[in-house]
$ cat protein-v7.pdb   # PDB, N, CA and C atoms
ATOM      1  N   MET F  12      -7.035   1.356  -1.210
ATOM      2  CA  MET F  12      -6.806   0.106  -1.889
ATOM      3  C   MET F  12      -5.476  -0.511  -1.463
ATOM      4  N   LYS F  13      -4.440   0.301  -1.317
ATOM      5  CA  LYS F  13      -3.127  -0.228  -0.940
ATOM      6  C   LYS F  13      -3.180  -0.937   0.407
ATOM      7  N   ASP F  14      -3.932  -0.373   1.338
ATOM      8  CA  ASP F  14      -4.042  -1.011   2.657
ATOM      9  C   ASP F  14      -4.708  -2.379   2.556
ATOM     10  N   LYS F  15      -5.716  -2.507   1.714
ATOM     11  CA  LYS F  15      -6.416  -3.782   1.535
ATOM     12  C   LYS F  15      -5.480  -4.817   0.890
ATOM     13  N   ILE F  16      -4.722  -4.393  -0.102
ATOM     14  CA  ILE F  16      -3.774  -5.308  -0.747
ATOM     15  C   ILE F  16      -2.752  -5.789   0.276
ATOM     16  N   ARG F  17      -2.181  -4.857   1.058
ATOM     17  CA  ARG F  17      -1.221  -5.226   2.098
ATOM     18  C   ARG F  17      -1.814  -6.241   3.068
ATOM     19  N   GLN F  18      -3.048  -6.001   3.496
ATOM     20  CA  GLN F  18      -3.718  -6.880   4.447
ATOM     21  C   GLN F  18      -3.893  -8.288   3.864
ATOM     22  N   VAL F  19      -4.376  -8.376   2.638
ATOM     23  CA  VAL F  19      -4.599  -9.678   2.004
ATOM     24  C   VAL F  19      -3.271 -10.416   1.827
ATOM     25  N   VAL F  20      -2.248  -9.716   1.368
ATOM     26  CA  VAL F  20      -0.944 -10.360   1.178
ATOM     27  C   VAL F  20      -0.411 -10.878   2.513
ATOM     28  N   CYS F  21      -0.459 -10.059   3.538
ATOM     29  CA  CYS F  21       0.068 -10.468   4.842
ATOM     30  C   CYS F  21      -0.719 -11.632   5.436
ATOM     31  N   GLU F  22      -2.028 -11.659   5.263
ATOM     32  CA  GLU F  22      -2.861 -12.691   5.868
ATOM     33  C   GLU F  22      -2.913 -13.978   5.042
ATOM     34  N   GLN F  23      -2.897 -13.880   3.720
ATOM     35  CA  GLN F  23      -3.161 -15.051   2.894
ATOM     36  C   GLN F  23      -2.003 -15.468   1.983
ATOM     37  N   TYR F  24      -1.072 -14.574   1.737
ATOM     38  CA  TYR F  24       0.019 -14.869   0.806
ATOM     39  C   TYR F  24       1.352 -14.430   1.409
ATOM     40  N   SER F  25       1.680 -14.985   2.545
ATOM     41  CA  SER F  25       2.846 -14.531   3.303
ATOM     42  C   SER F  25       4.176 -14.775   2.587
ATOM     43  N   ASN F  26       4.186 -15.602   1.545
ATOM     44  CA  ASN F  26       5.434 -15.840   0.816
ATOM     45  C   ASN F  26       5.599 -14.902  -0.380
ATOM     46  N   THR F  27       4.705 -13.940  -0.548
ATOM     47  CA  THR F  27       4.790 -12.973  -1.645
ATOM     48  C   THR F  27       5.897 -11.968  -1.366
ATOM     49  N   LEU F  28       6.712 -11.724  -2.376
ATOM     50  CA  LEU F  28       7.800 -10.759  -2.217
ATOM     51  C   LEU F  28       7.483  -9.418  -2.861
ATOM     52  N   GLY F  29       6.628  -9.417  -3.872
ATOM     53  CA  GLY F  29       6.311  -8.147  -4.504
ATOM     54  C   GLY F  29       5.162  -8.254  -5.477
ATOM     55  N   ILE F  30       4.522  -7.125  -5.702
ATOM     56  CA  ILE F  30       3.431  -7.031  -6.662
ATOM     57  C   ILE F  30       3.655  -5.769  -7.486
ATOM     58  N   ILE F  31       3.570  -5.937  -8.798
ATOM     59  CA  ILE F  31       3.620  -4.790  -9.708
ATOM     60  C   ILE F  31       2.438  -4.947 -10.653
ATOM     61  N   ALA F  32       1.614  -3.911 -10.761
ATOM     62  CA  ALA F  32       0.442  -3.957 -11.629
ATOM     63  C   ALA F  32       0.515  -2.818 -12.645
ATOM     64  N   TYR F  33       0.157  -3.167 -13.878
ATOM     65  CA  TYR F  33       0.142  -2.190 -14.967
ATOM     66  C   TYR F  33      -1.264  -2.072 -15.529
ATOM     67  N   LYS F  34      -1.611  -0.881 -15.966
ATOM     68  CA  LYS F  34      -2.871  -0.650 -16.675
ATOM     69  C   LYS F  34      -2.559   0.308 -17.814
ATOM     70  N   ASP F  35      -2.951  -0.089 -19.014
ATOM     71  CA  ASP F  35      -2.686   0.735 -20.195
ATOM     72  C   ASP F  35      -1.200   1.086 -20.311
ATOM     73  N   ASN F  36      -0.350   0.088 -20.077
ATOM     74  CA  ASN F  36       1.105   0.230 -20.169
ATOM     75  C   ASN F  36       1.705   1.216 -19.175
ATOM     76  N   LYS F  37       0.977   1.523 -18.116
ATOM     77  CA  LYS F  37       1.497   2.408 -17.076
ATOM     78  C   LYS F  37       1.472   1.669 -15.745
ATOM     79  N   LYS F  38       2.555   1.786 -14.998
ATOM     80  CA  LYS F  38       2.612   1.159 -13.688
ATOM     81  C   LYS F  38       1.664   1.895 -12.747
ATOM     82  N   VAL F  39       0.706   1.160 -12.184
ATOM     83  CA  VAL F  39      -0.268   1.790 -11.289
ATOM     84  C   VAL F  39      -0.078   1.361  -9.839
ATOM     85  N   TYR F  40       0.701   0.298  -9.631
ATOM     86  CA  TYR F  40       0.922  -0.169  -8.257
ATOM     87  C   TYR F  40       2.225  -0.945  -8.196
ATOM     88  N   GLU F  41       3.017  -0.675  -7.186
ATOM     89  CA  GLU F  41       4.253  -1.426  -6.947
ATOM     90  C   GLU F  41       4.514  -1.436  -5.450
ATOM     91  N   GLU F  42       4.632  -2.623  -4.914
ATOM     92  CA  GLU F  42       4.933  -2.740  -3.484
ATOM     93  C   GLU F  42       5.675  -4.052  -3.237
ATOM     94  N   TYR F  43       6.590  -4.017  -2.278
ATOM     95  CA  TYR F  43       7.386  -5.182  -1.938
ATOM     96  C   TYR F  43       7.127  -5.563  -0.484
ATOM     97  N   PHE F  44       7.269  -6.851  -0.207
ATOM     98  CA  PHE F  44       6.961  -7.390   1.112
ATOM     99  C   PHE F  44       8.130  -8.232   1.612
ATOM    100  N   ASN F  45       8.114  -8.541   2.898
ATOM    101  CA  ASN F  45       9.104  -9.438   3.503
ATOM    102  C   ASN F  45      10.541  -8.980   3.247
ATOM    103  N   ASN F  46      10.775  -7.696   3.407
ATOM    104  CA  ASN F  46      12.102  -7.089   3.254
ATOM    105  C   ASN F  46      12.673  -7.219   1.842
ATOM    106  N   ALA F  47      11.847  -7.475   0.861
ATOM    107  CA  ALA F  47      12.294  -7.551  -0.531
ATOM    108  C   ALA F  47      12.334  -6.138  -1.118
ATOM    109  N   ASN F  48      13.036  -6.006  -2.238
ATOM    110  CA  ASN F  48      13.070  -4.718  -2.931
ATOM    111  C   ASN F  48      13.170  -4.961  -4.429
ATOM    112  N   LYS F  49      13.061  -3.904  -5.215
ATOM    113  CA  LYS F  49      13.003  -4.041  -6.673
ATOM    114  C   LYS F  49      14.287  -4.583  -7.276
ATOM    115  N   ASP F  50      15.381  -4.506  -6.577
ATOM    116  CA  ASP F  50      16.659  -4.973  -7.106
ATOM    117  C   ASP F  50      16.965  -6.419  -6.726
ATOM    118  N   GLU F  51      16.104  -7.036  -5.951
ATOM    119  CA  GLU F  51      16.333  -8.400  -5.487
ATOM    120  C   GLU F  51      15.990  -9.422  -6.571
ATOM    121  N   SER F  52      16.817 -10.418  -6.689
ATOM    122  CA  SER F  52      16.602 -11.490  -7.655
ATOM    123  C   SER F  52      15.881 -12.650  -6.959
ATOM    124  N   ILE F  53      14.812 -13.145  -7.587
ATOM    125  CA  ILE F  53      14.069 -14.262  -7.005
ATOM    126  C   ILE F  53      13.823 -15.321  -8.071
ATOM    127  N   HIS F  54      13.578 -16.539  -7.622
ATOM    128  CA  HIS F  54      13.250 -17.627  -8.533
ATOM    129  C   HIS F  54      11.775 -17.524  -8.910
ATOM    130  N   THR F  55      11.482 -17.624 -10.185
ATOM    131  CA  THR F  55      10.103 -17.496 -10.660
ATOM    132  C   THR F  55       9.641 -18.723 -11.429
ATOM    133  N   PHE F  56      10.254 -19.864 -11.155
ATOM    134  CA  PHE F  56       9.923 -21.070 -11.916
ATOM    135  C   PHE F  56       8.442 -21.428 -11.814
ATOM    136  N   SER F  57       7.876 -21.356 -10.629
ATOM    137  CA  SER F  57       6.468 -21.715 -10.466
ATOM    138  C   SER F  57       5.572 -20.779 -11.257
ATOM    139  N   ILE F  58       5.887 -19.506 -11.234
ATOM    140  CA  ILE F  58       5.108 -18.525 -11.982
ATOM    141  C   ILE F  58       5.234 -18.799 -13.484
ATOM    142  N   ALA F  59       6.446 -19.061 -13.929
ATOM    143  CA  ALA F  59       6.676 -19.315 -15.350
ATOM    144  C   ALA F  59       5.907 -20.545 -15.814
ATOM    145  N   LYS F  60       5.879 -21.595 -14.998
ATOM    146  CA  LYS F  60       5.132 -22.799 -15.375
ATOM    147  C   LYS F  60       3.650 -22.481 -15.536
ATOM    148  N   SER F  61       3.110 -21.663 -14.661
ATOM    149  CA  SER F  61       1.694 -21.308 -14.739
ATOM    150  C   SER F  61       1.394 -20.515 -16.010
ATOM    151  N   VAL F  62       2.237 -19.557 -16.331
ATOM    152  CA  VAL F  62       2.029 -18.739 -17.531
ATOM    153  C   VAL F  62       2.138 -19.598 -18.783
ATOM    154  N   VAL F  63       3.140 -20.473 -18.836
ATOM    155  CA  VAL F  63       3.303 -21.349 -19.995
ATOM    156  C   VAL F  63       2.088 -22.267 -20.130
ATOM    157  N   SER F  64       1.587 -22.784 -19.020
ATOM    158  CA  SER F  64       0.397 -23.648 -19.064
ATOM    159  C   SER F  64      -0.809 -22.910 -19.627
ATOM    160  N   ILE F  65      -0.990 -21.673 -19.219
ATOM    161  CA  ILE F  65      -2.102 -20.860 -19.727
ATOM    162  C   ILE F  65      -1.948 -20.646 -21.235
ATOM    163  N   LEU F  66      -0.739 -20.297 -21.666
ATOM    164  CA  LEU F  66      -0.502 -20.054 -23.089
ATOM    165  C   LEU F  66      -0.699 -21.307 -23.924
ATOM    166  N   ILE F  67      -0.286 -22.450 -23.410
ATOM    167  CA  ILE F  67      -0.512 -23.710 -24.138
ATOM    168  C   ILE F  67      -2.000 -23.997 -24.237
ATOM    169  N   GLY F  68      -2.743 -23.764 -23.159
ATOM    170  CA  GLY F  68      -4.184 -23.955 -23.186
ATOM    171  C   GLY F  68      -4.851 -23.072 -24.226
ATOM    172  N   ILE F  69      -4.445 -21.838 -24.316
ATOM    173  CA  ILE F  69      -4.990 -20.915 -25.312
ATOM    174  C   ILE F  69      -4.646 -21.397 -26.717
ATOM    175  N   ALA F  70      -3.396 -21.827 -26.910
ATOM    176  CA  ALA F  70      -2.967 -22.301 -28.221
ATOM    177  C   ALA F  70      -3.757 -23.537 -28.646
ATOM    178  N   ILE F  71      -4.014 -24.449 -27.712
ATOM    179  CA  ILE F  71      -4.825 -25.639 -28.015
ATOM    180  C   ILE F  71      -6.246 -25.228 -28.363
ATOM    181  N   ASP F  72      -6.812 -24.325 -27.568
ATOM    182  CA  ASP F  72      -8.180 -23.865 -27.794
ATOM    183  C   ASP F  72      -8.339 -23.205 -29.168
ATOM    184  N   LYS F  73      -7.317 -22.478 -29.603
ATOM    185  CA  LYS F  73      -7.386 -21.791 -30.900
ATOM    186  C   LYS F  73      -6.953 -22.686 -32.057
ATOM    187  N   GLY F  74      -6.557 -23.922 -31.740
ATOM    188  CA  GLY F  74      -6.193 -24.871 -32.783
ATOM    189  C   GLY F  74      -4.764 -24.735 -33.298
ATOM    190  N   TYR F  75      -3.931 -23.985 -32.617
ATOM    191  CA  TYR F  75      -2.537 -23.839 -33.033
ATOM    192  C   TYR F  75      -1.726 -25.091 -32.708
ATOM    193  N   ILE F  76      -2.193 -25.837 -31.723
ATOM    194  CA  ILE F  76      -1.491 -27.068 -31.314
ATOM    195  C   ILE F  76      -2.460 -28.216 -31.437
TER     196      ILE F  76
END
$ encode --input "protein-v7.pdb" --output "structure tokens"
Amino acid sequence: MKDKIRQVVCEQYSNTLGIIAYKDNKKVYEEYFNNANKDESIHTFSIAKSVVSILIGIAIDKGYI
């Protein structure tokens, strides 16, 4: 599986710096790309906007907003 993830990231998501996946509150996968590492600081504004948009959509759907 790790080889497939590496291949997809390299071919289709070349600007990805890292992936961390959790299942049942346990880290099951962690890998960094493009010379990045776990201690590197990156801007996540685009990611944050997407998450906030999803949460607002859920809140609207449930009638909270």
$ atom_distance --input "protein-v7.pdb" --atom1 "CA of Glu42 in chain F" --atom2 "CA of Gly29 in chain F"
5.7 Å
$ axis_aligned_box --input "protein-v7.pdb" --around "range 65-68 of chain F" --padding-each-side "3 Å" --output "JSON"
{"center_x": -2.6, "center_y": -22.0, "center_z": -21.7, "size_x": 10.6, "size_y": 9.9, "size_z": 11.0}
$ atom_distance --input "protein-v7.pdb" --atom1 "CA of Lys60 in chain F" --atom2 "CA of Asn26 in chain F"
17.6 Å
$ atom_distance --input "protein-v7.pdb" --atom1 "atom N of Ala70 in chain F" --atom2 "atom N of Ile30 in chain F"
27.0 Å
$ select_by_dssp --input "protein-v7.pdb" --residues "chain F" --states "strand (DSSP E)" --output "ChimeraX atom specification"
/F:29-34,37-43
$ select_by_dssp --input "protein-v7.pdb" --residues "chain F" --states "alpha helix (DSSP H)" --output "tab-separated table (two decimals) with N, CA and C atoms, keeping the file's coordinate frame"
chain	number	residue	atom	x	y	z
F	13	LYS	N	-4.44	0.30	-1.32
F	13	LYS	CA	-3.13	-0.23	-0.94
F	13	LYS	C	-3.18	-0.94	0.41
F	14	ASP	N	-3.93	-0.37	1.34
F	14	ASP	CA	-4.04	-1.01	2.66
F	14	ASP	C	-4.71	-2.38	2.56
F	15	LYS	N	-5.72	-2.51	1.71
F	15	LYS	CA	-6.42	-3.78	1.54
F	15	LYS	C	-5.48	-4.82	0.89
F	16	ILE	N	-4.72	-4.39	-0.10
F	16	ILE	CA	-3.77	-5.31	-0.75
F	16	ILE	C	-2.75	-5.79	0.28
F	17	ARG	N	-2.18	-4.86	1.06
F	17	ARG	CA	-1.22	-5.23	2.10
F	17	ARG	C	-1.81	-6.24	3.07
F	18	GLN	N	-3.05	-6.00	3.50
F	18	GLN	CA	-3.72	-6.88	4.45
F	18	GLN	C	-3.89	-8.29	3.86
F	19	VAL	N	-4.38	-8.38	2.64
F	19	VAL	CA	-4.60	-9.68	2.00
F	19	VAL	C	-3.27	-10.42	1.83
F	20	VAL	N	-2.25	-9.72	1.37
F	20	VAL	CA	-0.94	-10.36	1.18
F	20	VAL	C	-0.41	-10.88	2.51
F	21	CYS	N	-0.46	-10.06	3.54
F	21	CYS	CA	0.07	-10.47	4.84
F	21	CYS	C	-0.72	-11.63	5.44
F	22	GLU	N	-2.03	-11.66	5.26
F	22	GLU	CA	-2.86	-12.69	5.87
F	22	GLU	C	-2.91	-13.98	5.04
F	23	GLN	N	-2.90	-13.88	3.72
F	23	GLN	CA	-3.16	-15.05	2.89
F	23	GLN	C	-2.00	-15.47	1.98
F	56	PHE	N	10.25	-19.86	-11.16
F	56	PHE	CA	9.92	-21.07	-11.92
F	56	PHE	C	8.44	-21.43	-11.81
F	57	SER	N	7.88	-21.36	-10.63
F	57	SER	CA	6.47	-21.72	-10.47
F	57	SER	C	5.57	-20.78	-11.26
F	58	ILE	N	5.89	-19.51	-11.23
F	58	ILE	CA	5.11	-18.52	-11.98
F	58	ILE	C	5.23	-18.80	-13.48
F	59	ALA	N	6.45	-19.06	-13.93
F	59	ALA	CA	6.68	-19.32	-15.35
F	59	ALA	C	5.91	-20.54	-15.81
F	60	LYS	N	5.88	-21.60	-15.00
F	60	LYS	CA	5.13	-22.80	-15.38
F	60	LYS	C	3.65	-22.48	-15.54
F	61	SER	N	3.11	-21.66	-14.66
F	61	SER	CA	1.69	-21.31	-14.74
F	61	SER	C	1.39	-20.52	-16.01
F	62	VAL	N	2.24	-19.56	-16.33
F	62	VAL	CA	2.03	-18.74	-17.53
F	62	VAL	C	2.14	-19.60	-18.78
F	63	VAL	N	3.14	-20.47	-18.84
F	63	VAL	CA	3.30	-21.35	-20.00
F	63	VAL	C	2.09	-22.27	-20.13
F	64	SER	N	1.59	-22.78	-19.02
F	64	SER	CA	0.40	-23.65	-19.06
F	64	SER	C	-0.81	-22.91	-19.63
F	65	ILE	N	-0.99	-21.67	-19.22
F	65	ILE	CA	-2.10	-20.86	-19.73
F	65	ILE	C	-1.95	-20.65	-21.24
F	66	LEU	N	-0.74	-20.30	-21.67
F	66	LEU	CA	-0.50	-20.05	-23.09
F	66	LEU	C	-0.70	-21.31	-23.92
F	67	ILE	N	-0.29	-22.45	-23.41
F	67	ILE	CA	-0.51	-23.71	-24.14
F	67	ILE	C	-2.00	-24.00	-24.24
F	68	GLY	N	-2.74	-23.76	-23.16
F	68	GLY	CA	-4.18	-23.96	-23.19
F	68	GLY	C	-4.85	-23.07	-24.23
F	69	ILE	N	-4.44	-21.84	-24.32
F	69	ILE	CA	-4.99	-20.92	-25.31
F	69	ILE	C	-4.65	-21.40	-26.72
F	70	ALA	N	-3.40	-21.83	-26.91
F	70	ALA	CA	-2.97	-22.30	-28.22
F	70	ALA	C	-3.76	-23.54	-28.65
F	71	ILE	N	-4.01	-24.45	-27.71
F	71	ILE	CA	-4.82	-25.64	-28.02
F	71	ILE	C	-6.25	-25.23	-28.36
F	72	ASP	N	-6.81	-24.32	-27.57
F	72	ASP	CA	-8.18	-23.86	-27.79
F	72	ASP	C	-8.34	-23.20	-29.17
$ closest_residue --input "protein-v7.pdb" --among "F:Ile53, F:Phe44, F:Asp14, F:Ile71" --to "Thr27 in chain F" --atoms "only N, CA and C atoms"
F:Phe44
$ residues_around --input "protein-v7.pdb" --residues "Leu28 in chain F" --least-positions-apart "6" --cutoff "8 Å" --atoms "only N, CA and C atoms" --output "tab-separated table (two decimals) with N, CA and C atoms, in the frame of the given file"
chain	number	residue	atom	x	y	z
F	42	GLU	N	4.63	-2.62	-4.91
F	42	GLU	CA	4.93	-2.74	-3.48
F	42	GLU	C	5.68	-4.05	-3.24
F	43	TYR	N	6.59	-4.02	-2.28
F	43	TYR	CA	7.39	-5.18	-1.94
F	43	TYR	C	7.13	-5.56	-0.48
F	44	PHE	N	7.27	-6.85	-0.21
F	44	PHE	CA	6.96	-7.39	1.11
F	44	PHE	C	8.13	-8.23	1.61
F	45	ASN	N	8.11	-8.54	2.90
F	45	ASN	CA	9.10	-9.44	3.50
F	45	ASN	C	10.54	-8.98	3.25
F	46	ASN	N	10.78	-7.70	3.41
F	46	ASN	CA	12.10	-7.09	3.25
F	46	ASN	C	12.67	-7.22	1.84
F	47	ALA	N	11.85	-7.48	0.86
F	47	ALA	CA	12.29	-7.55	-0.53
F	47	ALA	C	12.33	-6.14	-1.12
F	48	ASN	N	13.04	-6.01	-2.24
F	48	ASN	CA	13.07	-4.72	-2.93
F	48	ASN	C	13.17	-4.96	-4.43
$ residues_near_point --input "protein-v7.pdb" --point "(0.8, -1.5, -9.9)" --cutoff "6.5 Å" --atoms "only N, CA and C atoms" --output "PyMOL selection string"
chain F and resi 30-33+38-42
$ decode --input "protein-v7.pdb" --residues "range 12-24 of chain F" --atoms "N, CA, C and O atoms" --output "PDB file, in the first residue's frame"
ATOM      1  N   MET F  12       0.817  -1.188   0.000  1.00  0.00           N
ATOM      2  CA  MET F  12       0.000   0.000   0.000  1.00  0.00           C
ATOM      3  C   MET F  12       0.865   1.258   0.000  1.00  0.00           C
ATOM      4  O   MET F  12       0.545   2.216  -0.677  1.00  0.00           O
ATOM      5  N   LYS F  13       1.945   1.262   0.767  1.00  0.00           N
ATOM      6  CA  LYS F  13       2.803   2.447   0.838  1.00  0.00           C
ATOM      7  C   LYS F  13       3.371   2.804  -0.529  1.00  0.00           C
ATOM      8  O   LYS F  13       3.453   3.978  -0.882  1.00  0.00           O
ATOM      9  N   ASP F  14       3.745   1.790  -1.292  1.00  0.00           N
ATOM     10  CA  ASP F  14       4.289   2.060  -2.630  1.00  0.00           C
ATOM     11  C   ASP F  14       3.244   2.710  -3.530  1.00  0.00           C
ATOM     12  O   ASP F  14       3.552   3.624  -4.295  1.00  0.00           O
ATOM     13  N   LYS F  15       2.001   2.277  -3.436  1.00  0.00           N
ATOM     14  CA  LYS F  15       0.922   2.845  -4.248  1.00  0.00           C
ATOM     15  C   LYS F  15       0.659   4.304  -3.842  1.00  0.00           C
ATOM     16  O   LYS F  15       0.471   5.169  -4.707  1.00  0.00           O
ATOM     17  N   ILE F  16       0.652   4.566  -2.549  1.00  0.00           N
ATOM     18  CA  ILE F  16       0.447   5.940  -2.078  1.00  0.00           C
ATOM     19  C   ILE F  16       1.569   6.831  -2.596  1.00  0.00           C
ATOM     20  O   ILE F  16       1.328   7.921  -3.115  1.00  0.00           O
ATOM     21  N   ARG F  17       2.826   6.378  -2.457  1.00  0.00           N
ATOM     22  CA  ARG F  17       3.968   7.141  -2.962  1.00  0.00           C
ATOM     23  C   ARG F  17       3.822   7.441  -4.449  1.00  0.00           C
ATOM     24  O   ARG F  17       4.050   8.560  -4.894  1.00  0.00           O
ATOM     25  N   GLN F  18       3.428   6.435  -5.221  1.00  0.00           N
ATOM     26  CA  GLN F  18       3.277   6.583  -6.664  1.00  0.00           C
ATOM     27  C   GLN F  18       2.205   7.628  -6.999  1.00  0.00           C
ATOM     28  O   GLN F  18       2.432   8.511  -7.818  1.00  0.00           O
ATOM     29  N   VAL F  19       1.054   7.537  -6.357  1.00  0.00           N
ATOM     30  CA  VAL F  19      -0.038   8.477  -6.625  1.00  0.00           C
ATOM     31  C   VAL F  19       0.378   9.897  -6.239  1.00  0.00           C
ATOM     32  O   VAL F  19       0.143  10.847  -6.989  1.00  0.00           O
ATOM     33  N   VAL F  20       1.003  10.050  -5.084  1.00  0.00           N
ATOM     34  CA  VAL F  20       1.433  11.384  -4.653  1.00  0.00           C
ATOM     35  C   VAL F  20       2.439  11.961  -5.647  1.00  0.00           C
ATOM     36  O   VAL F  20       2.310  13.110  -6.072  1.00  0.00           O
ATOM     37  N   CYS F  21       3.423  11.180  -6.029  1.00  0.00           N
ATOM     38  CA  CYS F  21       4.449  11.673  -6.950  1.00  0.00           C
ATOM     39  C   CYS F  21       3.872  12.010  -8.322  1.00  0.00           C
ATOM     40  O   CYS F  21       4.280  12.994  -8.941  1.00  0.00           O
ATOM     41  N   GLU F  22       2.924  11.233  -8.812  1.00  0.00           N
ATOM     42  CA  GLU F  22       2.380  11.438 -10.149  1.00  0.00           C
ATOM     43  C   GLU F  22       1.274  12.495 -10.188  1.00  0.00           C
ATOM     44  O   GLU F  22       1.147  13.227 -11.162  1.00  0.00           O
ATOM     45  N   GLN F  23       0.449  12.583  -9.154  1.00  0.00           N
ATOM     46  CA  GLN F  23      -0.742  13.418  -9.235  1.00  0.00           C
ATOM     47  C   GLN F  23      -0.788  14.570  -8.227  1.00  0.00           C
ATOM     48  O   GLN F  23      -1.562  15.511  -8.406  1.00  0.00           O
ATOM     49  N   TYR F  24      -0.002  14.491  -7.179  1.00  0.00           N
ATOM     50  CA  TYR F  24      -0.053  15.509  -6.128  1.00  0.00           C
ATOM     51  C   TYR F  24       1.364  15.934  -5.743  1.00  0.00           C
ATOM     52  O   TYR F  24       1.777  15.833  -4.591  1.00  0.00           O
TER      53      TYR F  24
END
